[in-house]
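Engineer: Let me give you the structure first, and then I'll get to my questions.
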There are 2 protein chains.
Amino acid sequence: MEQLQVEHDSGIYSITIGAGLRHKITDYLPTSYRQVFVITDSHVAPLYLQDVKNAFSKETTVASYVVPAGEHSKSLSVFYDCHTKAIENGIDRESLIVALGGGVVGDLAGYVAASYMRGIDYVQVPTTLLAHDSSVGGKVAINHELGKNMIGHFYQPVAVIYDTETLRTLSKTEWRSGMAEVIKHAWIAKDQSFLEQCYKINSFSDMESDWMNSILYQGIAVKARIVSEDEREQGIRRFLNFGHTLGHAIEAELGYGKITHGEAVAVGMDFALRVSESHFNTDLNRQTYREWISRHHYPITILDQLNTDGLLHRMTRDKKNVQSDIRLVLLSEQGKPEVVSFTVDQIKEELKEYHKEVS
Amino acid sequence: MEQLQVEHDSGIYSITIGAGLRHKITDYLPTSYRQVFVITDSHVAPLYLQDVKNAFSKETTVASYVVPAGEHSKSLSVFYDCHTKAIENGIDRESLIVALGGGVVGDLAGYVAASYMRGIDYVQVPTTLLAHDSSVGGKVAINHELGKNMIGHFYQPVAVIYDTETLRTLSKTEWRSGMAEVIKHAWIAKDQSFLEQCYKINSFSDMESDWMNSILYQGIAVKARIVSEDEREQGIRRFLNFGHTLGHAIEAELGYGKITHGEAVAVGMDFALRVSESHFNTDLNRQTYREWISRHHYPITILDQLNTDGLLHRMTRDKKNVQSDIRLVLLSEQGKPEVVSFTVDQIKEELKEYHKEVS
């Protein structure tokens with residue numbers, strides 16, 4: 001079992017990583033609760049919901065709500081349904097919401113907690129590799145039809161409890177999605193060896209080995225360090241958007257759920273690496289990265305299916321952009337991210353060149 | 001011109017009160033903005049929207065969105081529409097939202113600001129007497145069909161700019177609604193003379209006199225002191241709910257918008273005073289209060305139109321309740337509020353007795 005602390009404006013919370021933690025959630029909560037409301041999805045509920053319910057003592061009333069699995073649940077209507085169920089179950093200001101699932105459930109349930117009666121406690125219990133990223137840092141949101149994560153808050157959980165046993169049931173697609181964010185953390189980490197460790201993964205079954213925990217811990221540590229320093233994304237937290245400007249645009253243009261978030265981000269990082277190399281006139285050994293993502297079947301030719309103007313339109317709406325410029329997180333070298341502004345025309349040119357190269 | 005400061009977890013903001021301030025909003029903002037999005041309603045827009053737009057320099061782009069006047073605009077769909085218009089107008093993380101209007105607009109626009117791209121700056125520019133209360137303290141929310149203000153946040157404005165000239169256009173109904181919250185502040189204030197000043201108002205036209213500004217300032221000062229001390233309603237801020245447990249239930253049972261918030265709260269306070277006198281075996285001179293609210297046509301017999309069980313059901317769902325008890329803010333004496341828990345049966349009995357008395 002490993003533990004990390006994340007500091008924020010109004011307190012601190014712990015991230016606990018270990019096998020079987022879902023059976024002892026209450027050991028890692030900062031206080032006890034009389035009423036608990038678990039939000040999970042239709043994939044996770046049959047696997048772990050009962051375990052989590054059983055983890056609470058008999059004095060605690062545990063209600064739950066199961067949303068449909070998938071990005072579509074980060075909608076205004078599912079958000080409202082969660083509120084309805086919480087009210088109907090008598091959830092009050094001193095209750096706890098448990099976000100049991102991957103990134104979608106974490107973002108949704110976190111935003112429900114942030115807004116329910118103006119904010120109640122919640123705990124992140126991630127069940128995917130991707131959620132090693134999204135469960136840390138308090139970014140919670142739902143989607144607007146005009147943009148991903150447009151409606152949300154910075155709202156910190158009271159704890160993150162990561163049961164590594166739940167990773168055993170992940171599909172290859174989910175592993176692929178999660179590994180993209182792990183690799184993102186490796187790219188922006190100062191420690192060169194982290195990226196090398198990631199590249200050593202030859203098949204996804206490797207990841208069940210012991211040193212997976214080490215990679216996971218390192219990824220979370222990068223994230224935790226950054227969000228402790230910059231809770232509200234006014235400075236270095238922006239670096240976590242490496243690969244995300246194009247990644248989000250791809251997801252939105254395809255229609256959410258067509259490919260996974262991590263798959264889109266992997267392509268976004270490839271693009272950002274290409275722009276980085278030319279902008280900073282540097283060699284980031286992008287070839288090794290490209291080989292790795294090809295070998296693991298990331299959708300590197302996805303731009304074939306997409307309209308450049310549509311992508312550009314999405315990218316100008318990205319939350320980290322101010323006015324109509326497009327800001328990209330680039331790397332001047334491995335471990336040294338930087339935010340660089342481009343005009344729409346510049347990015348249009350870069351996208352065309354990139355598209356030519358990959359198709 | 002008067003100024004007050006409100007401290008909160010992550011900073012401080014100023015409340016400025018004076019005639020004609022809508023023309024010089026930028027003088028009281030802590031920084032300048034390149035893009036501004038004004039949210040107002042169909043009553044206020046024809047009166048003051050252009051003045052507010054003109055107050056910004058030519059370098060600032062000012063977009064606006066006019067929502068229908070009335071409580072129904074604190075809905076999920078209007079909230080979503082505000083996000084849509086903000087996105088369409090290119091509002092970004094460094095933009096400012098202006099909440100120009102009464103309590104409904106303040107709550108709605110404040111919550112849009114709190115959730116847009118996970119939170120951007122906003123300024124409260126109240127145009128009603130009632131909003132002297134709601135614009136201070138950062139409580140922002142929309143309604144759920146099962147409860148008022150169920151979906152929201154604690155999110156502080158960057159400034160409150162109160163142009164007292166806007167009060168000239170208020171209807172009697174709006175005056176009545178606003179005065180209820182002024183009197184609430186007087187009841188919980190330690191200064192006995194504040195309540196006496198309020199009672200001296202014989203007709204609503206009196207309130208245009210100079211000493212109206214004094215009453216307004218005192219009301220805001222009570223609110224500002226309390227919210228500075230307890231931003232997230234974990235302690236003394238609960239006292240501001242004096243009269244609101246029954247008040248909210250009346251509004252919800254009648255259907256939002258049938259009577260004003262303040263009218264409902266005035267009746268809620270009368271009930272809370274009655275319960276206070278019997279619970280603490282004290283004399284709060286309730287008779288004077290009742291005479292005053294009768295003289296000013298508050299709906300003191302409204303319980304005739306309402307079902308007691310319906311009210312009780314609403315009261316158990318009130319946000320300040322924990323588990324199924326009903327908590328009321330009572331006064332052990334004038335200026336000494338206290339939160340007291342009752343069972344549903346106890347409140348049922350109190351409501352019946354109260355109803356008998358007033359009908």
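We name chains A, B, ... following the order of the structure tokens; residues begin at 1 in each chain, and ligands are numbered from 1 as shown.
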Counting only C-alpha atoms, which residues of chain B come no farther than 6 Å from chain A, as a PyMOL selection string?
Structural biologist: chain B and resi 92+115-118+150-153+322
Engineer: Taking only stretch 161-290 of chain B into account, list the residues labelled helix (DSSP H, G or I) by DSSP (computed from the backbone), as a compact mmCIF listing (two decimals) with N, CA and C atoms, in the first residue's frame.
Structural biologist:
# COMPACT_ATOMS: atom_id res chain seq x y z
N THR B 164 -28.13 52.59 -5.85
CA THR B 164 -29.42 52.80 -5.17
C THR B 164 -30.44 53.50 -6.06
N GLU B 165 -30.01 54.12 -7.16
CA GLU B 165 -30.98 54.71 -8.09
C GLU B 165 -31.90 53.65 -8.68
N THR B 166 -31.40 52.44 -8.81
CA THR B 166 -32.23 51.38 -9.42
C THR B 166 -33.42 51.01 -8.53
N LEU B 167 -33.34 51.37 -7.24
CA LEU B 167 -34.45 51.04 -6.34
C LEU B 167 -35.69 51.89 -6.63
N ARG B 168 -35.49 53.01 -7.33
CA ARG B 168 -36.62 53.90 -7.61
C ARG B 168 -37.68 53.25 -8.49
N THR B 169 -37.27 52.29 -9.27
CA THR B 169 -38.22 51.69 -10.22
C THR B 169 -38.91 50.44 -9.65
N LYS B 172 -44.30 47.94 -5.54
CA LYS B 172 -44.59 47.73 -4.10
C LYS B 172 -44.30 46.30 -3.69
N THR B 173 -44.63 45.38 -4.59
CA THR B 173 -44.39 43.96 -4.29
C THR B 173 -42.91 43.70 -4.06
N GLU B 174 -42.08 44.31 -4.90
CA GLU B 174 -40.64 44.12 -4.76
C GLU B 174 -40.10 44.77 -3.48
N TRP B 175 -40.63 45.96 -3.17
CA TRP B 175 -40.27 46.59 -1.90
C TRP B 175 -40.61 45.68 -0.73
N ARG B 176 -41.82 45.16 -0.79
CA ARG B 176 -42.30 44.30 0.30
C ARG B 176 -41.38 43.09 0.47
N SER B 177 -41.01 42.51 -0.68
CA SER B 177 -40.16 41.33 -0.63
C SER B 177 -38.80 41.68 -0.03
N GLY B 178 -38.23 42.77 -0.48
CA GLY B 178 -36.90 43.15 0.01
C GLY B 178 -36.89 43.54 1.47
N MET B 179 -37.93 44.26 1.90
CA MET B 179 -37.97 44.71 3.30
C MET B 179 -38.00 43.53 4.26
N ALA B 180 -38.57 42.41 3.84
CA ALA B 180 -38.60 41.24 4.72
C ALA B 180 -37.18 40.81 5.09
N GLU B 181 -36.27 40.83 4.12
CA GLU B 181 -34.89 40.43 4.43
C GLU B 181 -34.16 41.51 5.24
N VAL B 182 -34.52 42.78 5.00
CA VAL B 182 -33.94 43.85 5.83
C VAL B 182 -34.35 43.62 7.28
N ILE B 183 -35.64 43.34 7.46
CA ILE B 183 -36.15 43.12 8.83
C ILE B 183 -35.54 41.85 9.43
N LYS B 184 -35.30 40.86 8.60
CA LYS B 184 -34.62 39.66 9.10
C LYS B 184 -33.25 40.05 9.66
N HIS B 185 -32.51 40.85 8.90
CA HIS B 185 -31.20 41.29 9.39
C HIS B 185 -31.34 42.08 10.69
N ALA B 186 -32.43 42.86 10.77
CA ALA B 186 -32.66 43.63 11.99
C ALA B 186 -32.95 42.70 13.18
N TRP B 187 -33.72 41.64 12.94
CA TRP B 187 -34.04 40.70 14.02
C TRP B 187 -32.79 40.00 14.56
N ILE B 188 -31.89 39.65 13.67
CA ILE B 188 -30.72 38.90 14.16
C ILE B 188 -29.55 39.82 14.52
N GLN B 192 -30.54 46.84 18.72
CA GLN B 192 -32.00 46.92 18.83
C GLN B 192 -32.60 48.06 17.99
N SER B 193 -31.86 49.15 17.84
CA SER B 193 -32.41 50.33 17.17
C SER B 193 -32.68 50.09 15.68
N PHE B 194 -31.97 49.13 15.09
CA PHE B 194 -32.15 48.82 13.67
C PHE B 194 -33.60 48.35 13.43
N LEU B 195 -34.08 47.46 14.27
CA LEU B 195 -35.44 46.96 14.12
C LEU B 195 -36.45 48.10 14.31
N GLU B 196 -36.17 48.95 15.28
CA GLU B 196 -37.08 50.08 15.53
C GLU B 196 -37.14 51.03 14.32
N GLN B 197 -35.99 51.25 13.70
CA GLN B 197 -35.96 52.08 12.49
C GLN B 197 -36.84 51.48 11.39
N CYS B 198 -36.74 50.17 11.25
CA CYS B 198 -37.55 49.48 10.22
C CYS B 198 -39.04 49.68 10.48
N TYR B 199 -39.43 49.54 11.74
CA TYR B 199 -40.85 49.66 12.08
C TYR B 199 -41.38 51.05 11.81
N PHE B 204 -44.44 52.61 1.84
CA PHE B 204 -43.26 52.27 1.09
C PHE B 204 -42.61 53.49 0.45
N SER B 205 -43.39 54.57 0.30
CA SER B 205 -42.78 55.77 -0.27
C SER B 205 -41.78 56.40 0.71
N ASP B 206 -41.96 56.13 2.01
CA ASP B 206 -40.98 56.59 3.00
C ASP B 206 -39.57 56.14 2.65
N MET B 207 -39.50 54.99 2.02
CA MET B 207 -38.20 54.36 1.84
C MET B 207 -37.34 55.07 0.81
N GLU B 208 -37.97 56.02 0.10
CA GLU B 208 -37.14 56.78 -0.83
C GLU B 208 -36.34 57.87 -0.13
N TRP B 211 -32.79 58.21 4.80
CA TRP B 211 -32.42 57.19 5.78
C TRP B 211 -32.67 55.76 5.28
N MET B 212 -33.28 55.64 4.10
CA MET B 212 -33.33 54.32 3.47
C MET B 212 -31.91 53.79 3.26
N ASN B 213 -31.03 54.66 2.80
CA ASN B 213 -29.64 54.25 2.60
C ASN B 213 -29.01 53.74 3.89
N SER B 214 -29.41 54.35 4.99
CA SER B 214 -28.88 53.92 6.28
C SER B 214 -29.36 52.52 6.63
N ILE B 215 -30.65 52.26 6.39
CA ILE B 215 -31.21 50.93 6.66
C ILE B 215 -30.55 49.87 5.76
N LEU B 216 -30.39 50.25 4.51
CA LEU B 216 -29.77 49.35 3.55
C LEU B 216 -28.34 49.01 3.97
N TYR B 217 -27.61 50.04 4.35
CA TYR B 217 -26.23 49.85 4.78
C TYR B 217 -26.17 48.94 6.02
N GLN B 218 -27.07 49.17 6.95
CA GLN B 218 -27.07 48.34 8.16
C GLN B 218 -27.39 46.88 7.85
N GLY B 219 -28.35 46.69 6.94
CA GLY B 219 -28.72 45.32 6.55
C GLY B 219 -27.54 44.60 5.91
N ILE B 220 -26.89 45.28 4.99
CA ILE B 220 -25.75 44.69 4.31
C ILE B 220 -24.60 44.43 5.30
N ALA B 221 -24.45 45.35 6.24
CA ALA B 221 -23.36 45.19 7.21
C ALA B 221 -23.56 43.94 8.08
N VAL B 222 -24.83 43.67 8.45
CA VAL B 222 -25.11 42.45 9.23
C VAL B 222 -24.74 41.22 8.40
N LYS B 223 -25.20 41.22 7.16
CA LYS B 223 -24.93 40.09 6.27
C LYS B 223 -23.42 39.92 6.04
N ALA B 224 -22.74 41.02 5.75
CA ALA B 224 -21.31 40.97 5.43
C ALA B 224 -20.51 40.45 6.62
N ARG B 225 -20.88 40.87 7.81
CA ARG B 225 -20.17 40.43 9.00
C ARG B 225 -20.31 38.91 9.18
N ILE B 226 -21.54 38.43 8.99
CA ILE B 226 -21.79 37.00 9.20
C ILE B 226 -21.09 36.15 8.15
N VAL B 227 -21.19 36.54 6.88
CA VAL B 227 -20.58 35.69 5.84
C VAL B 227 -19.06 35.76 5.85
N SER B 228 -18.51 36.87 6.34
CA SER B 228 -17.05 36.94 6.48
C SER B 228 -16.58 35.93 7.51
N GLU B 229 -17.39 35.77 8.54
CA GLU B 229 -17.00 34.87 9.63
C GLU B 229 -17.24 33.41 9.27
N ILE B 236 -22.39 30.24 12.21
CA ILE B 236 -23.35 31.33 12.42
C ILE B 236 -24.10 31.75 11.16
N ARG B 237 -23.59 31.38 9.97
CA ARG B 237 -24.31 31.76 8.76
C ARG B 237 -25.71 31.16 8.72
N ARG B 238 -25.86 30.05 9.42
CA ARG B 238 -27.19 29.41 9.46
C ARG B 238 -28.26 30.35 10.01
N PHE B 239 -27.81 31.31 10.85
CA PHE B 239 -28.78 32.23 11.45
C PHE B 239 -29.50 33.07 10.39
N LEU B 240 -28.84 33.22 9.24
CA LEU B 240 -29.47 33.98 8.15
C LEU B 240 -30.70 33.27 7.60
N ASN B 241 -30.85 32.02 7.97
CA ASN B 241 -32.03 31.28 7.53
C ASN B 241 -33.25 31.55 8.41
N HIS B 244 -36.69 31.17 7.08
CA HIS B 244 -36.58 30.58 5.74
C HIS B 244 -37.03 29.12 5.65
N THR B 245 -37.04 28.41 6.75
CA THR B 245 -37.43 26.99 6.68
C THR B 245 -38.88 26.89 6.22
N LEU B 246 -39.76 27.59 6.93
CA LEU B 246 -41.15 27.63 6.48
C LEU B 246 -41.29 28.47 5.21
N GLY B 247 -40.55 29.55 5.13
CA GLY B 247 -40.62 30.44 3.95
C GLY B 247 -40.39 29.69 2.65
N HIS B 248 -39.29 28.93 2.60
CA HIS B 248 -39.00 28.13 1.40
C HIS B 248 -40.10 27.11 1.13
N ALA B 249 -40.61 26.49 2.18
CA ALA B 249 -41.65 25.47 2.00
C ALA B 249 -42.92 26.10 1.42
N ILE B 250 -43.25 27.30 1.89
CA ILE B 250 -44.44 28.00 1.36
C ILE B 250 -44.25 28.29 -0.13
N GLU B 251 -43.09 28.83 -0.47
CA GLU B 251 -42.82 29.15 -1.88
C GLU B 251 -42.94 27.91 -2.76
N ALA B 252 -42.34 26.81 -2.30
CA ALA B 252 -42.32 25.58 -3.10
C ALA B 252 -43.72 24.99 -3.22
N GLU B 253 -44.46 24.97 -2.11
CA GLU B 253 -45.81 24.38 -2.14
C GLU B 253 -46.76 25.18 -3.02
N LEU B 254 -46.63 26.49 -2.97
CA LEU B 254 -47.51 27.33 -3.82
C LEU B 254 -47.11 27.22 -5.28
N HIS B 261 -40.32 35.80 -2.61
CA HIS B 261 -39.49 35.17 -1.58
C HIS B 261 -39.66 35.89 -0.24
N GLY B 262 -39.57 37.22 -0.27
CA GLY B 262 -39.66 37.99 0.97
C GLY B 262 -41.02 37.87 1.63
N GLU B 263 -42.06 37.81 0.83
CA GLU B 263 -43.40 37.65 1.40
C GLU B 263 -43.49 36.32 2.15
N ALA B 264 -42.94 35.28 1.55
CA ALA B 264 -42.95 33.97 2.19
C ALA B 264 -42.09 33.98 3.46
N VAL B 265 -40.95 34.65 3.39
CA VAL B 265 -40.05 34.71 4.54
C VAL B 265 -40.68 35.51 5.69
N ALA B 266 -41.42 36.56 5.34
CA ALA B 266 -42.08 37.36 6.39
C ALA B 266 -43.03 36.48 7.20
N VAL B 267 -43.74 35.60 6.51
CA VAL B 267 -44.65 34.68 7.21
C VAL B 267 -43.82 33.64 7.99
N GLY B 268 -42.74 33.17 7.35
CA GLY B 268 -41.85 32.22 8.03
C GLY B 268 -41.27 32.79 9.31
N MET B 269 -40.94 34.08 9.29
CA MET B 269 -40.40 34.71 10.50
C MET B 269 -41.46 34.81 11.58
N ASP B 270 -42.69 35.11 11.15
CA ASP B 270 -43.78 35.21 12.12
C ASP B 270 -43.95 33.86 12.84
N PHE B 271 -43.91 32.81 12.06
CA PHE B 271 -43.99 31.46 12.64
C PHE B 271 -42.80 31.20 13.56
N ALA B 272 -41.60 31.54 13.10
CA ALA B 272 -40.39 31.29 13.90
C ALA B 272 -40.42 32.11 15.20
N LEU B 273 -40.99 33.31 15.14
CA LEU B 273 -41.09 34.14 16.34
C LEU B 273 -42.05 33.50 17.34
N ARG B 274 -43.15 32.98 16.79
CA ARG B 274 -44.13 32.32 17.66
C ARG B 274 -43.50 31.12 18.36
N VAL B 275 -42.81 30.28 17.58
CA VAL B 275 -42.16 29.10 18.17
C VAL B 275 -41.07 29.53 19.15
N SER B 276 -40.35 30.60 18.82
CA SER B 276 -39.30 31.11 19.71
C SER B 276 -39.88 31.51 21.07
N GLU B 277 -40.97 32.26 21.01
CA GLU B 277 -41.57 32.73 22.26
C GLU B 277 -41.99 31.57 23.15
N SER B 278 -42.55 30.52 22.53
CA SER B 278 -42.99 29.41 23.38
C SER B 278 -41.80 28.54 23.78
N HIS B 279 -40.85 28.32 22.86
CA HIS B 279 -39.70 27.44 23.18
C HIS B 279 -38.82 28.05 24.27
N ARG B 286 -43.79 40.21 19.50
CA ARG B 286 -44.22 39.75 18.19
C ARG B 286 -45.40 40.57 17.68
N GLN B 287 -46.19 41.08 18.61
CA GLN B 287 -47.37 41.84 18.23
C GLN B 287 -47.01 43.01 17.31
N THR B 288 -45.94 43.74 17.65
CA THR B 288 -45.51 44.88 16.83
C THR B 288 -45.13 44.42 15.42
N TYR B 289 -44.42 43.29 15.38
CA TYR B 289 -44.03 42.73 14.08
C TYR B 289 -45.26 42.38 13.25
N ARG B 290 -46.22 41.72 13.91
CA ARG B 290 -47.44 41.31 13.19
C ARG B 290 -48.23 42.51 12.68
Engineer: Which distance in Å separates atom CA of A:Gly101 and atom CA of A:Gly11, to one decimal?
Structural biologist: 24.5 Å
Engineer: What is the distance between atom CA of A:Phe242 and atom CA of A:Asp283, in Å to one decimal?
Structural biologist: 17.1 Å
Engineer: Quick one: DSSP strand (DSSP E or B) residues in stretch 91-146 of chain A, as a list in words?
Structural biologist: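 Here is the list: Leu96, Ile97, Val98, Ala99, Leu100, Gly101, Tyr116, Asp121, Tyr122, Val123, Gln124, Val125, Pro126, Lys139, Val140, Ala141, Ile142, Asn143 and His144 of chain A.
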Engineer: What is the atom CA of B:Ala86-atom CA of B:Thr61 distance in Å, reported with one decimal?
Structural biologist: 12.5 Å
Engineer: If we count only C-alpha atoms and set the cut-off at 10 Å, which residues sit around A:Lys356, ignoring sequence neighbours fewer than 4 positions away in its own chain? Please answer as an mmCIF file with all heavy atoms, in the first residue's frame.
Structural biologist:
data_model
loop_
_atom_site.group_PDB
_atom_site.id
_atom_site.type_symbol
_atom_site.label_atom_id
_atom_site.label_comp_id
_atom_site.auth_asym_id
_atom_site.auth_seq_id
_atom_site.Cartn_x
_atom_site.Cartn_y
_atom_site.Cartn_z
ATOM 1 N N LEU A 303 -7.181 11.314 -38.043
ATOM 2 C CA LEU A 303 -7.449 12.588 -38.726
ATOM 3 C C LEU A 303 -8.067 12.382 -40.114
ATOM 4 O O LEU A 303 -8.743 13.276 -40.628
ATOM 5 C CB LEU A 303 -6.188 13.441 -38.837
ATOM 6 C CG LEU A 303 -5.629 14.063 -37.551
ATOM 7 C CD1 LEU A 303 -4.744 15.252 -37.870
ATOM 8 C CD2 LEU A 303 -6.711 14.483 -36.569
ATOM 9 N N ASP A 304 -7.839 11.199 -40.697
ATOM 10 C CA ASP A 304 -8.479 10.881 -41.985
ATOM 11 C C ASP A 304 -9.996 11.033 -41.929
ATOM 12 O O ASP A 304 -10.643 11.333 -42.929
ATOM 13 C CB ASP A 304 -8.186 9.418 -42.393
ATOM 14 C CG ASP A 304 -6.729 9.228 -42.798
ATOM 15 O OD1 ASP A 304 -6.036 10.254 -43.004
ATOM 16 O OD2 ASP A 304 -6.288 8.062 -42.890
ATOM 17 N N GLU A 350 -0.138 23.569 -39.395
ATOM 18 C CA GLU A 350 0.493 22.461 -38.659
ATOM 19 C C GLU A 350 -0.350 21.181 -38.768
ATOM 20 O O GLU A 350 0.180 20.083 -38.938
ATOM 21 C CB GLU A 350 0.665 22.819 -37.173
ATOM 22 C CG GLU A 350 1.657 23.932 -36.876
ATOM 23 C CD GLU A 350 3.113 23.474 -36.976
ATOM 24 O OE1 GLU A 350 3.366 22.281 -37.247
ATOM 25 O OE2 GLU A 350 3.998 24.328 -36.789
ATOM 26 N N LEU A 351 -1.660 21.362 -38.656
ATOM 27 C CA LEU A 351 -2.550 20.190 -38.730
ATOM 28 C C LEU A 351 -2.482 19.545 -40.115
ATOM 29 O O LEU A 351 -2.466 18.319 -40.245
ATOM 30 C CB LEU A 351 -3.997 20.605 -38.438
ATOM 31 C CG LEU A 351 -4.466 20.566 -36.986
ATOM 32 C CD1 LEU A 351 -5.895 21.103 -36.882
ATOM 33 C CD2 LEU A 351 -4.391 19.148 -36.395
ATOM 34 N N LYS A 352 -2.442 20.386 -41.151
ATOM 35 C CA LYS A 352 -2.360 19.856 -42.509
ATOM 36 C C LYS A 352 -1.079 19.053 -42.708
ATOM 37 O O LYS A 352 -1.087 17.953 -43.263
ATOM 38 C CB LYS A 352 -2.398 21.009 -43.524
ATOM 39 C CG LYS A 352 -3.798 21.475 -43.853
ATOM 40 C CD LYS A 352 -3.749 22.527 -44.975
ATOM 41 C CE LYS A 352 -5.109 23.147 -45.184
ATOM 42 N NZ LYS A 352 -5.007 24.404 -45.959
#
